[in-house]
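Have a look at the structure below, then the notes.
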Amino acid sequence: MNAPPASQTPRAFLDRTRFPVDEWNLREISYSEAGLGASESVFAVANGYLGMRANPEEGRPALAHGTFINGFHETSRIRHAEDAYGFATVGQTIVSVPDTSVIRLYVDDEPLLLSVADLESYERRLDFRSGLLERNLVWRTLSGKQIHIRSTRMVSFAERHLAVMTYEFTMMDSGAPVAISSQILNRQDGANEYSDGTSFEPLDQPSRSELDDAGPGGFDPRRADALVGRVFVPQVQRRSGGRYALGYAVANSQMTVAVAADHSIETSQPVDIEETGVVRPDAAEHMYRAYIPQGCTVRIVKLVAYHTSRSAPAAELADRCSRTLDRARAAGVAALWTDQCEWLDGFWERSDVVIHGKPDVQQAVRWCLFQLAQAVGRAEGSGIPAKGVTGSGYGGHYFWDSEIYVLPFCTYTTPRFARNALRFRYTMLPAARSRARELSSDGALYPWRTINGEEASAYYAAGTAQYHINADISYALCQYLAATKDTSFLERAGIDVLVETARMWADLGFWRAGGDEQFHIHGVTGPDEYTTVVNDNVFTNVMARFNLRAAARALKQIKQADPQVYERVVARLELDESEPEEWLRAAEAMAIPYDSRLHIHPQDDQFLEKEVWNLAETPPDKFPLLLHYHPLVIYRFQVLKQADVVLAEYLRGDDFTPEEKAADFDYYDPLTTGDSSLSGVTQAVMAAEVGYQELAQSYFRGSLFLDLADLHDNTAEGIHIAAAGGVWSTLVFGFGGMRDGDAGISFDPRLPELWSGLSFKVTLRGTRVRVELGQREVTFTVEQGEAAEFTVRGEPVAVRAGRPVTVALKQQDQPRLLGAPTVRDLAGARLADGTVLTTYTPQPSDAIGRVTDEPTP
């Protein structure tokens, strides 16, 4: 569905009286429970391995508590009402590990509870440079006493398994008896601030009203599956002084986790403090009690460690936690904060994007980049979940999102992050080979959604049928290899992925003669999940063609560079020398549908036979369509959940002419609902390329504020990490005009007219280049490394260390296009068979009548 023109006054996505503009922080300066669940996500702290939602230290109020560890999950049997061979059988759901964030304060036995407290001042701040979540407030108790409270929370990038919390308060105008309760709670199995979990209540059951908001009957496939019964089986309970440890095995997956918390306290005046504690199977509590005099400041430091495993016993993990805490305690909080700042200094040095004169945009961009750091920074050995580790949305699963929307950022800013993610995909090859055999294919077939490598999608039409994930992974791999020249990774892991995915395509497709001999791929689903199980989906075929060529090319490269390595690859993969030739033959003959009458690429070979869904006539409250219309209703129409052909033209621009890109964008943009959080960034990039400058900005702003403003009403389930990665891609590939095509790196900038400048950094084969883009020129500066070469609007450019290069931008021949394509531009068009294209709006179940746009003569 088209974005509003950017020429209109930009929508104020955020309430700036509550969330003021600050280019390096996200700040909340007045307390409100409005958007509670979303705020728990957008203020979350994480490092890619461990994530802690921004629930208040007091534990309540909260919509969804959560502390998540990447890949730590429970399994369950997927029960199909009507089963069939090859359906996914093992469900996987991320689980919330024990919560250590709770530190409750009582003054005169009155608990601080934000929802009812008299707050004379309040501020919460997420600092993108320090990684600290900090809260400052002044609380007036019912008896009139004023207490200044400052708390901090940090998940360490430097120490992967560590979180650091401080809780500091000052008695401003009067002394009082005070109690502080610091807790560890197994919320997954029902423990909370007021119970020890023996009731085994489900974790954060959504209310009836929340379910109704999701859609009819509370259906929302974006949410994690609910788990039944006890998840964590207690294994370890330890206490030594102010240190506590709990350990568990997960009931079905048999994964293990241990968490330990270490406490220390200091006061600005001499105070007699009583310390007590208790540890139980599902909860631990350390309590401080004392009379705190006026003017005295009390500071509590809570160091927390989490360790997980697929095989080690919980007791061993508890020992690891103790060692982590010993190091942290010896270092001290100040040193731990310094280490965090140094890690983030390096991240921003490589990754920062600067938008001149747009402070609100700058703040949101840096927040998105910070979310990427929190999703990938220490995700070693794991994938990148769709929601990172900020929530349970999508069950904590890994999708194609990672390779297409997140890894470009990693590859061109911190290649190590991309390598880690790609190596994780390599470790999943055995399971992918098994899945291919299960679906009667050669090679390997990666699961559409997974945590442990097994397919977890219960709906094959919009899940397993998305075979394009094989090509998406191969695309990201080739992008990384081209940008880094990491031949070692290619030879030891990457080539296995390329060969096995190519084998799958060669076996899945088939030859059909009759005129020109063509290679077809049938029975697949492209990125657009509103059109499923089709023949010759353009995106799938274009990406499969790339995959086949890339595998053959990589084998040739290895053979020429090192014949001995090549022989080992041949032996390891049992490669027949004729296979690469067959892959190239299939690639050259790949069927790519094209309609000569409309001059567009049909999304698949029957797509144009359907009526066009008139999105402009669809009630706004019926989006997303998947929550309000049966899939069969949606499947009958030309309507897109997200960009499909347009995405193919973004990723494989070399395969299409400028005229084809423009025609396809004009056709598909009015058909695209934007129901997917991934669609806006692709539409922004391609709108910029084909000339819709204002439309590109509108799509960009919608993606930029997707989570900050909760535009899809599901930020409470976690941050859309792929959309955050797409924001970077829009800035660099869209407005910066960078492409990494077959001929190498090129730039064709399309800076919005009202932007004075844009700068970003990309790392090309070990050389980091700063790109500073203005309206009339672009300057390239080597910040690290020796040299880099690329083209700017077709002209070769070489930049070397100490010698910046400024290139004047030639005037573009491309006209500026105003407004946006509409569905009325399509109605009445004649197809290649002479039939007329019609539009129609399916009515919701509570409406009567039919709205039809008659075709023009």
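By convention in this document, the chains of the structure tokens carry letters A, B, ... by their order, each chain's residues are numbered from 1, and ligands are numbered from 1 in the order they are shown.
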
List the spatial neighbours of region 787-794 of chain A as number ranges by chain - criterion: any atom at most 6 Å away, only C-alpha atoms, same-chain residues fewer than 3 positions off excluded.
A: 745-748, 797-800

Would you kindly return, as a PyMOL selection string, each protein, DNA or RNA residue with an atom no farther than 10 Å from any atom of Asp401 (chain A), considering only C-alpha atoms and excluding same-chain residues fewer than 2 positions away?
chain A and resi 384-386+398-399+403-407+469+472-473+678+720-723+725-726

Same residues, all heavy atoms, saved as a compact mmCIF listing (two decimals), in the first residue's frame:
```txt
# COMPACT_ATOMS: atom_id res chain seq x y z
N ILE A 384 20.75 -15.26 13.63
CA ILE A 384 20.23 -13.94 14.00
C ILE A 384 18.71 -14.05 14.02
O ILE A 384 18.08 -14.08 12.96
CB ILE A 384 20.69 -12.86 13.02
CG1 ILE A 384 22.22 -12.84 12.92
CG2 ILE A 384 20.16 -11.49 13.45
CD1 ILE A 384 22.75 -11.99 11.78
N PRO A 385 18.09 -14.14 15.20
CA PRO A 385 16.63 -14.29 15.26
C PRO A 385 15.93 -13.07 14.68
O PRO A 385 16.46 -11.95 14.71
CB PRO A 385 16.36 -14.41 16.76
CG PRO A 385 17.67 -14.77 17.39
CD PRO A 385 18.71 -14.14 16.53
N ALA A 386 14.72 -13.29 14.16
CA ALA A 386 13.96 -12.20 13.53
C ALA A 386 13.72 -11.05 14.50
O ALA A 386 13.64 -9.89 14.08
CB ALA A 386 12.63 -12.73 13.02
N TYR A 398 15.14 -18.29 13.16
CA TYR A 398 16.00 -17.70 12.13
C TYR A 398 15.31 -17.88 10.78
O TYR A 398 14.83 -18.98 10.46
CB TYR A 398 17.36 -18.38 12.09
CG TYR A 398 18.00 -18.59 13.44
CD1 TYR A 398 18.49 -19.85 13.81
CD2 TYR A 398 18.13 -17.55 14.35
CE1 TYR A 398 19.08 -20.05 15.04
CE2 TYR A 398 18.73 -17.74 15.59
CZ TYR A 398 19.20 -19.01 15.93
OH TYR A 398 19.77 -19.20 17.17
N PHE A 399 15.26 -16.83 9.99
CA PHE A 399 14.64 -16.84 8.67
C PHE A 399 15.66 -16.36 7.63
O PHE A 399 16.82 -16.11 7.93
CB PHE A 399 13.43 -15.89 8.63
CG PHE A 399 12.27 -16.29 9.50
CD1 PHE A 399 12.26 -16.02 10.86
CD2 PHE A 399 11.15 -16.92 8.96
CE1 PHE A 399 11.18 -16.36 11.66
CE2 PHE A 399 10.05 -17.26 9.75
CZ PHE A 399 10.07 -16.97 11.10
N GLU A 403 20.04 -13.12 6.02
CA GLU A 403 20.95 -13.06 4.87
C GLU A 403 20.67 -11.86 3.96
O GLU A 403 21.60 -11.24 3.45
CB GLU A 403 20.86 -14.35 4.07
CG GLU A 403 21.62 -15.52 4.69
CD GLU A 403 20.94 -16.11 5.91
OE1 GLU A 403 19.71 -15.98 6.04
OE2 GLU A 403 21.64 -16.73 6.74
N ILE A 404 19.41 -11.53 3.76
CA ILE A 404 19.06 -10.51 2.78
C ILE A 404 19.06 -9.11 3.38
O ILE A 404 19.42 -8.13 2.70
CB ILE A 404 17.70 -10.83 2.13
CG1 ILE A 404 17.79 -12.16 1.38
CG2 ILE A 404 17.27 -9.71 1.19
CD1 ILE A 404 18.85 -12.21 0.29
N TYR A 405 18.70 -8.97 4.63
CA TYR A 405 18.52 -7.64 5.19
C TYR A 405 19.53 -7.26 6.28
O TYR A 405 19.75 -6.07 6.51
CB TYR A 405 17.10 -7.50 5.76
CG TYR A 405 16.04 -7.59 4.70
CD1 TYR A 405 15.42 -8.81 4.41
CD2 TYR A 405 15.67 -6.48 3.97
CE1 TYR A 405 14.45 -8.90 3.41
CE2 TYR A 405 14.70 -6.55 2.98
CZ TYR A 405 14.10 -7.77 2.70
OH TYR A 405 13.15 -7.86 1.72
N VAL A 406 20.12 -8.24 6.94
CA VAL A 406 21.06 -7.93 8.03
C VAL A 406 22.51 -8.12 7.60
O VAL A 406 23.37 -7.29 7.90
CB VAL A 406 20.76 -8.79 9.28
CG1 VAL A 406 21.75 -8.48 10.40
CG2 VAL A 406 19.33 -8.55 9.76
N LEU A 407 22.79 -9.20 6.87
CA LEU A 407 24.18 -9.48 6.53
C LEU A 407 24.84 -8.45 5.63
O LEU A 407 26.06 -8.26 5.72
CB LEU A 407 24.32 -10.89 5.95
CG LEU A 407 24.84 -11.91 6.98
CD1 LEU A 407 23.89 -12.01 8.17
CD2 LEU A 407 25.04 -13.27 6.34
N ILE A 469 15.15 -19.68 0.03
CA ILE A 469 16.08 -19.47 1.14
C ILE A 469 17.46 -20.04 0.80
O ILE A 469 18.49 -19.50 1.23
CB ILE A 469 15.54 -20.06 2.46
CG1 ILE A 469 16.44 -19.60 3.63
CG2 ILE A 469 15.42 -21.57 2.38
CD1 ILE A 469 15.88 -19.92 4.99
N ASP A 472 19.08 -17.37 -1.12
CA ASP A 472 19.33 -16.20 -0.27
C ASP A 472 20.61 -16.38 0.54
O ASP A 472 21.42 -15.45 0.66
CB ASP A 472 18.15 -15.98 0.69
CG ASP A 472 16.82 -15.84 -0.04
OD1 ASP A 472 16.83 -15.36 -1.19
OD2 ASP A 472 15.79 -16.22 0.53
N ILE A 473 20.78 -17.58 1.07
CA ILE A 473 22.00 -17.86 1.84
C ILE A 473 23.22 -17.81 0.92
O ILE A 473 24.26 -17.24 1.27
CB ILE A 473 21.87 -19.23 2.53
CG1 ILE A 473 20.79 -19.16 3.63
CG2 ILE A 473 23.21 -19.67 3.13
CD1 ILE A 473 20.40 -20.50 4.21
N LEU A 678 9.34 -6.13 6.10
CA LEU A 678 10.52 -6.13 5.23
C LEU A 678 10.30 -5.34 3.95
O LEU A 678 11.26 -4.97 3.27
CB LEU A 678 10.88 -7.58 4.84
CG LEU A 678 11.11 -8.56 5.98
CD1 LEU A 678 11.37 -9.95 5.44
CD2 LEU A 678 12.27 -8.11 6.85
N HIS A 720 12.04 -5.60 15.11
CA HIS A 720 12.20 -6.19 13.78
C HIS A 720 13.64 -5.94 13.31
O HIS A 720 13.95 -4.90 12.72
CB HIS A 720 11.21 -5.56 12.80
CG HIS A 720 9.77 -5.81 13.13
ND1 HIS A 720 9.07 -5.06 14.05
CD2 HIS A 720 8.90 -6.74 12.64
CE1 HIS A 720 7.82 -5.51 14.12
NE2 HIS A 720 7.69 -6.53 13.28
N ILE A 721 14.50 -6.89 13.55
CA ILE A 721 15.92 -6.69 13.28
C ILE A 721 16.19 -6.53 11.79
O ILE A 721 17.04 -5.72 11.37
CB ILE A 721 16.74 -7.87 13.86
CG1 ILE A 721 16.55 -7.94 15.38
CG2 ILE A 721 18.22 -7.71 13.51
CD1 ILE A 721 16.94 -6.68 16.14
N ALA A 722 15.48 -7.28 10.95
CA ALA A 722 15.71 -7.16 9.51
C ALA A 722 15.33 -5.78 9.01
O ALA A 722 15.98 -5.23 8.11
CB ALA A 722 14.93 -8.24 8.77
N ALA A 723 14.27 -5.20 9.56
CA ALA A 723 13.89 -3.85 9.16
C ALA A 723 14.96 -2.85 9.55
O ALA A 723 15.26 -1.90 8.81
CB ALA A 723 12.54 -3.46 9.79
N GLY A 725 18.14 -3.54 9.74
CA GLY A 725 19.18 -3.72 8.73
C GLY A 725 18.80 -3.08 7.42
O GLY A 725 19.64 -2.52 6.71
N GLY A 726 17.51 -3.15 7.09
CA GLY A 726 17.03 -2.53 5.86
C GLY A 726 17.14 -1.02 5.86
O GLY A 726 17.30 -0.41 4.80
```

Skipping near chain neighbours, those fewer than 3 positions away, what residues fall within 6 Å of region 337-343 of chain A using only C-alpha atoms, listed as number ranges by chain?
A: 130, 334, 346

Keeping only N, CA and C atoms, write the selected residues to a file as a tab-separated table (two decimals), in the first residue's frame.
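The resulting file, part.tsv, is shown below:
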```tsv
chain	number	residue	atom	x	y	z
A	130	SER	N	27.30	4.12	25.14
A	130	SER	CA	27.77	3.36	26.30
A	130	SER	C	27.05	2.03	26.45
A	334	ALA	N	33.33	0.16	37.05
A	334	ALA	CA	33.89	1.22	36.21
A	334	ALA	C	34.66	0.63	35.03
A	346	GLY	N	34.44	1.20	18.76
A	346	GLY	CA	34.87	0.52	17.54
A	346	GLY	C	33.70	0.27	16.60
```

Among region 28-128 of chain A, which residues does DSSP mark as helix (DSSP H, G or I) when it is run on the backbone? Keep the chain and numbering as in the structure and answer as a ChimeraX atom specification.
/A:36-42

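Atom pair CA of Asp675 (chain A) / CA of Leu627 (chain A) has a distance of 10.1 Å (rounded to one decimal).
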
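Proximity of A:Thr835, A:Gln814, A:Asn614, A:Thr464 to Arg449 (chain A), computed with only C-alpha atoms, is greatest for A:Thr464.
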
Using CA of Asp654 (chain A) and CA of Asp742 (chain A) as the two end points, give the distance in Å to one decimal.
7.1 Å

Report as a PyMOL selection string all protein, DNA and RNA residues lying within 6 Å of region 451-458 of chain A, evaluated on only C-alpha atoms, omitting residues in the same chain fewer than 3 positions from it.
chain A and resi 71+88+91+397+428+431+447+463

Residues within 12 Å of region 320-332 of chain A, only C-alpha atoms, excluding chain neighbours under 3 positions, as an mmCIF file with N, CA, C and O atoms, in the first residue's frame:
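selection04.cif was written with the following content:
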```cif
data_model
loop_
_atom_site.group_PDB
_atom_site.id
_atom_site.type_symbol
_atom_site.label_atom_id
_atom_site.label_comp_id
_atom_site.auth_asym_id
_atom_site.auth_seq_id
_atom_site.Cartn_x
_atom_site.Cartn_y
_atom_site.Cartn_z
ATOM 1 N N SER A 156 26.796 -6.878 28.583
ATOM 2 C CA SER A 156 28.151 -6.583 28.126
ATOM 3 C C SER A 156 28.439 -7.143 26.735
ATOM 4 O O SER A 156 28.133 -8.298 26.435
ATOM 5 N N ALA A 158 31.721 -6.881 25.752
ATOM 6 C CA ALA A 158 33.078 -7.385 25.973
ATOM 7 C C ALA A 158 33.071 -8.744 26.664
ATOM 8 O O ALA A 158 33.889 -9.614 26.358
ATOM 9 N N GLU A 159 32.162 -8.930 27.630
ATOM 10 C CA GLU A 159 32.001 -10.204 28.343
ATOM 11 C C GLU A 159 30.656 -10.784 27.949
ATOM 12 O O GLU A 159 29.610 -10.408 28.476
ATOM 13 N N ARG A 160 30.675 -11.729 27.012
ATOM 14 C CA ARG A 160 29.460 -12.217 26.356
ATOM 15 C C ARG A 160 28.384 -12.709 27.313
ATOM 16 O O ARG A 160 27.187 -12.573 27.060
ATOM 17 N N HIS A 161 28.774 -13.287 28.434
ATOM 18 C CA HIS A 161 27.834 -13.938 29.341
ATOM 19 C C HIS A 161 27.428 -13.062 30.521
ATOM 20 O O HIS A 161 26.753 -13.544 31.431
ATOM 21 N N LEU A 162 27.806 -11.794 30.499
ATOM 22 C CA LEU A 162 27.691 -10.941 31.678
ATOM 23 C C LEU A 162 26.671 -9.817 31.496
ATOM 24 O O LEU A 162 26.603 -9.191 30.447
ATOM 25 N N ALA A 163 25.924 -9.561 32.576
ATOM 26 C CA ALA A 163 25.085 -8.364 32.669
ATOM 27 C C ALA A 163 25.442 -7.658 33.970
ATOM 28 O O ALA A 163 25.773 -8.297 34.972
ATOM 29 N N VAL A 164 25.396 -6.328 33.932
ATOM 30 C CA VAL A 164 25.802 -5.510 35.081
ATOM 31 C C VAL A 164 24.669 -4.563 35.428
ATOM 32 O O VAL A 164 24.189 -3.823 34.564
ATOM 33 N N MET A 165 24.241 -4.587 36.669
ATOM 34 C CA MET A 165 23.183 -3.694 37.130
ATOM 35 C C MET A 165 23.638 -2.947 38.380
ATOM 36 O O MET A 165 24.329 -3.517 39.231
ATOM 37 N N THR A 166 23.268 -1.682 38.452
ATOM 38 C CA THR A 166 23.489 -0.912 39.674
ATOM 39 C C THR A 166 22.160 -0.281 40.079
ATOM 40 O O THR A 166 21.321 0.046 39.232
ATOM 41 N N ARG A 238 22.218 -22.895 44.565
ATOM 42 C CA ARG A 238 23.413 -22.617 45.375
ATOM 43 C C ARG A 238 23.313 -21.227 45.981
ATOM 44 O O ARG A 238 22.744 -20.314 45.380
ATOM 45 N N ARG A 239 23.906 -21.104 47.163
ATOM 46 C CA ARG A 239 24.075 -19.784 47.769
ATOM 47 C C ARG A 239 25.376 -19.765 48.542
ATOM 48 O O ARG A 239 25.685 -20.700 49.283
ATOM 49 N N SER A 240 26.143 -18.688 48.351
ATOM 50 C CA SER A 240 27.365 -18.462 49.118
ATOM 51 C C SER A 240 27.472 -16.969 49.360
ATOM 52 O O SER A 240 27.828 -16.205 48.458
ATOM 53 N N GLY A 242 26.572 -13.396 49.256
ATOM 54 C CA GLY A 242 25.670 -12.639 48.395
ATOM 55 C C GLY A 242 25.609 -13.175 46.988
ATOM 56 O O GLY A 242 25.131 -12.481 46.085
ATOM 57 N N ARG A 243 26.073 -14.398 46.771
ATOM 58 C CA ARG A 243 26.066 -14.994 45.436
ATOM 59 C C ARG A 243 25.089 -16.162 45.386
ATOM 60 O O ARG A 243 25.107 -17.033 46.253
ATOM 61 N N TYR A 244 24.259 -16.179 44.344
ATOM 62 C CA TYR A 244 23.235 -17.202 44.187
ATOM 63 C C TYR A 244 23.334 -17.794 42.787
ATOM 64 O O TYR A 244 23.679 -17.101 41.838
ATOM 65 N N ALA A 245 22.994 -19.073 42.678
ATOM 66 C CA ALA A 245 22.991 -19.722 41.369
ATOM 67 C C ALA A 245 21.815 -20.668 41.267
ATOM 68 O O ALA A 245 21.498 -21.398 42.228
ATOM 69 N N LEU A 246 21.161 -20.656 40.115
ATOM 70 C CA LEU A 246 20.107 -21.604 39.784
ATOM 71 C C LEU A 246 20.461 -22.259 38.464
ATOM 72 O O LEU A 246 20.967 -21.595 37.554
ATOM 73 N N GLY A 247 20.191 -23.547 38.352
ATOM 74 C CA GLY A 247 20.472 -24.261 37.113
ATOM 75 C C GLY A 247 19.324 -25.155 36.729
ATOM 76 O O GLY A 247 18.618 -25.705 37.592
ATOM 77 N N VAL A 257 20.820 -24.549 31.299
ATOM 78 C CA VAL A 257 21.135 -23.153 31.568
ATOM 79 C C VAL A 257 21.454 -23.007 33.048
ATOM 80 O O VAL A 257 20.884 -23.693 33.897
ATOM 81 N N ALA A 258 22.383 -22.130 33.333
ATOM 82 C CA ALA A 258 22.648 -21.726 34.711
ATOM 83 C C ALA A 258 22.742 -20.214 34.740
ATOM 84 O O ALA A 258 23.237 -19.580 33.801
ATOM 85 N N VAL A 259 22.237 -19.642 35.829
ATOM 86 C CA VAL A 259 22.319 -18.202 36.042
ATOM 87 C C VAL A 259 22.817 -17.979 37.460
ATOM 88 O O VAL A 259 22.435 -18.693 38.388
ATOM 89 N N ALA A 260 23.689 -17.003 37.608
ATOM 90 C CA ALA A 260 24.210 -16.667 38.928
ATOM 91 C C ALA A 260 24.233 -15.157 39.076
ATOM 92 O O ALA A 260 24.481 -14.423 38.113
ATOM 93 N N ALA A 261 23.972 -14.696 40.297
ATOM 94 C CA ALA A 261 23.973 -13.266 40.600
ATOM 95 C C ALA A 261 24.833 -13.026 41.836
ATOM 96 O O ALA A 261 24.741 -13.753 42.823
ATOM 97 N N ASP A 262 25.653 -11.982 41.751
ATOM 98 C CA ASP A 262 26.553 -11.609 42.846
ATOM 99 C C ASP A 262 26.186 -10.194 43.310
ATOM 100 O O ASP A 262 25.990 -9.296 42.484
ATOM 101 N N HIS A 263 26.090 -9.993 44.618
ATOM 102 C CA HIS A 263 25.649 -8.716 45.170
ATOM 103 C C HIS A 263 26.723 -8.084 46.036
ATOM 104 O O HIS A 263 27.445 -8.770 46.769
ATOM 105 N N SER A 264 26.806 -6.772 45.955
ATOM 106 C CA SER A 264 27.637 -6.000 46.876
ATOM 107 C C SER A 264 26.929 -4.687 47.148
ATOM 108 O O SER A 264 26.127 -4.219 46.338
ATOM 109 N N VAL A 301 25.408 -3.135 43.710
ATOM 110 C CA VAL A 301 25.905 -3.643 42.428
ATOM 111 C C VAL A 301 25.482 -5.097 42.309
ATOM 112 O O VAL A 301 25.728 -5.900 43.212
ATOM 113 N N LYS A 302 24.821 -5.399 41.224
ATOM 114 C CA LYS A 302 24.367 -6.767 40.950
ATOM 115 C C LYS A 302 24.993 -7.237 39.647
ATOM 116 O O LYS A 302 24.685 -6.720 38.567
ATOM 117 N N LEU A 303 25.908 -8.170 39.754
ATOM 118 C CA LEU A 303 26.573 -8.762 38.596
ATOM 119 C C LEU A 303 25.895 -10.097 38.290
ATOM 120 O O LEU A 303 25.668 -10.898 39.203
ATOM 121 N N VAL A 304 25.602 -10.334 37.024
ATOM 122 C CA VAL A 304 24.841 -11.521 36.643
ATOM 123 C C VAL A 304 25.539 -12.233 35.494
ATOM 124 O O VAL A 304 26.045 -11.586 34.561
ATOM 125 N N ALA A 305 25.575 -13.553 35.554
ATOM 126 C CA ALA A 305 26.155 -14.351 34.473
ATOM 127 C C ALA A 305 25.183 -15.433 34.051
ATOM 128 O O ALA A 305 24.508 -16.047 34.898
ATOM 129 N N TYR A 306 25.108 -15.661 32.747
ATOM 130 C CA TYR A 306 24.298 -16.732 32.171
ATOM 131 C C TYR A 306 25.207 -17.611 31.309
ATOM 132 O O TYR A 306 26.002 -17.100 30.514
ATOM 133 N N HIS A 307 25.044 -18.913 31.438
ATOM 134 C CA HIS A 307 25.723 -19.860 30.550
ATOM 135 C C HIS A 307 24.718 -20.920 30.119
ATOM 136 O O HIS A 307 23.880 -21.352 30.924
ATOM 137 N N THR A 308 24.821 -21.344 28.867
ATOM 138 C CA THR A 308 23.908 -22.355 28.321
ATOM 139 C C THR A 308 24.693 -23.405 27.562
ATOM 140 O O THR A 308 25.848 -23.186 27.165
ATOM 141 N N SER A 309 24.040 -24.542 27.331
ATOM 142 C CA SER A 309 24.703 -25.613 26.595
ATOM 143 C C SER A 309 23.669 -26.565 26.031
ATOM 144 O O SER A 309 22.533 -26.640 26.519
ATOM 145 N N ALA A 312 26.320 -29.907 28.232
ATOM 146 C CA ALA A 312 26.959 -29.848 29.545
ATOM 147 C C ALA A 312 25.914 -29.801 30.652
ATOM 148 O O ALA A 312 24.866 -29.163 30.509
ATOM 149 N N PRO A 313 26.160 -30.468 31.794
ATOM 150 C CA PRO A 313 25.198 -30.432 32.900
ATOM 151 C C PRO A 313 25.112 -29.037 33.508
ATOM 152 O O PRO A 313 26.054 -28.241 33.431
ATOM 153 N N ALA A 314 23.977 -28.756 34.132
ATOM 154 C CA ALA A 314 23.752 -27.435 34.708
ATOM 155 C C ALA A 314 24.773 -27.099 35.783
ATOM 156 O O ALA A 314 25.143 -25.931 35.951
ATOM 157 N N ALA A 315 25.244 -28.105 36.519
ATOM 158 C CA ALA A 315 26.240 -27.841 37.559
ATOM 159 C C ALA A 315 27.533 -27.299 36.964
ATOM 160 O O ALA A 315 28.165 -26.394 37.534
ATOM 161 N N GLU A 316 27.932 -27.833 35.813
ATOM 162 C CA GLU A 316 29.126 -27.325 35.138
ATOM 163 C C GLU A 316 28.919 -25.877 34.687
ATOM 164 O O GLU A 316 29.812 -25.035 34.782
ATOM 165 N N LEU A 317 27.710 -25.586 34.206
ATOM 166 C CA LEU A 317 27.417 -24.221 33.783
ATOM 167 C C LEU A 317 27.416 -23.262 34.971
ATOM 168 O O LEU A 317 27.836 -22.108 34.843
ATOM 169 N N ALA A 335 35.449 -0.400 35.273
ATOM 170 C CA ALA A 335 36.214 -1.028 34.202
ATOM 171 C C ALA A 335 35.295 -1.737 33.216
ATOM 172 O O ALA A 335 35.536 -1.714 31.997
ATOM 173 N N LEU A 336 34.237 -2.356 33.730
ATOM 174 C CA LEU A 336 33.295 -3.034 32.842
ATOM 175 C C LEU A 336 32.582 -2.030 31.945
ATOM 176 O O LEU A 336 32.360 -2.293 30.753
ATOM 177 N N TRP A 337 32.225 -0.884 32.492
ATOM 178 C CA TRP A 337 31.613 0.167 31.677
ATOM 179 C C TRP A 337 32.597 0.687 30.622
ATOM 180 O O TRP A 337 32.227 0.946 29.485
ATOM 181 N N THR A 338 33.850 0.834 31.014
ATOM 182 C CA THR A 338 34.866 1.300 30.066
ATOM 183 C C THR A 338 35.038 0.315 28.920
ATOM 184 O O THR A 338 35.124 0.709 27.747
ATOM 185 N N ASP A 339 35.075 -0.979 29.236
ATOM 186 C CA ASP A 339 35.193 -1.997 28.196
ATOM 187 C C ASP A 339 34.015 -1.922 27.228
ATOM 188 O O ASP A 339 34.176 -2.090 26.011
#
```
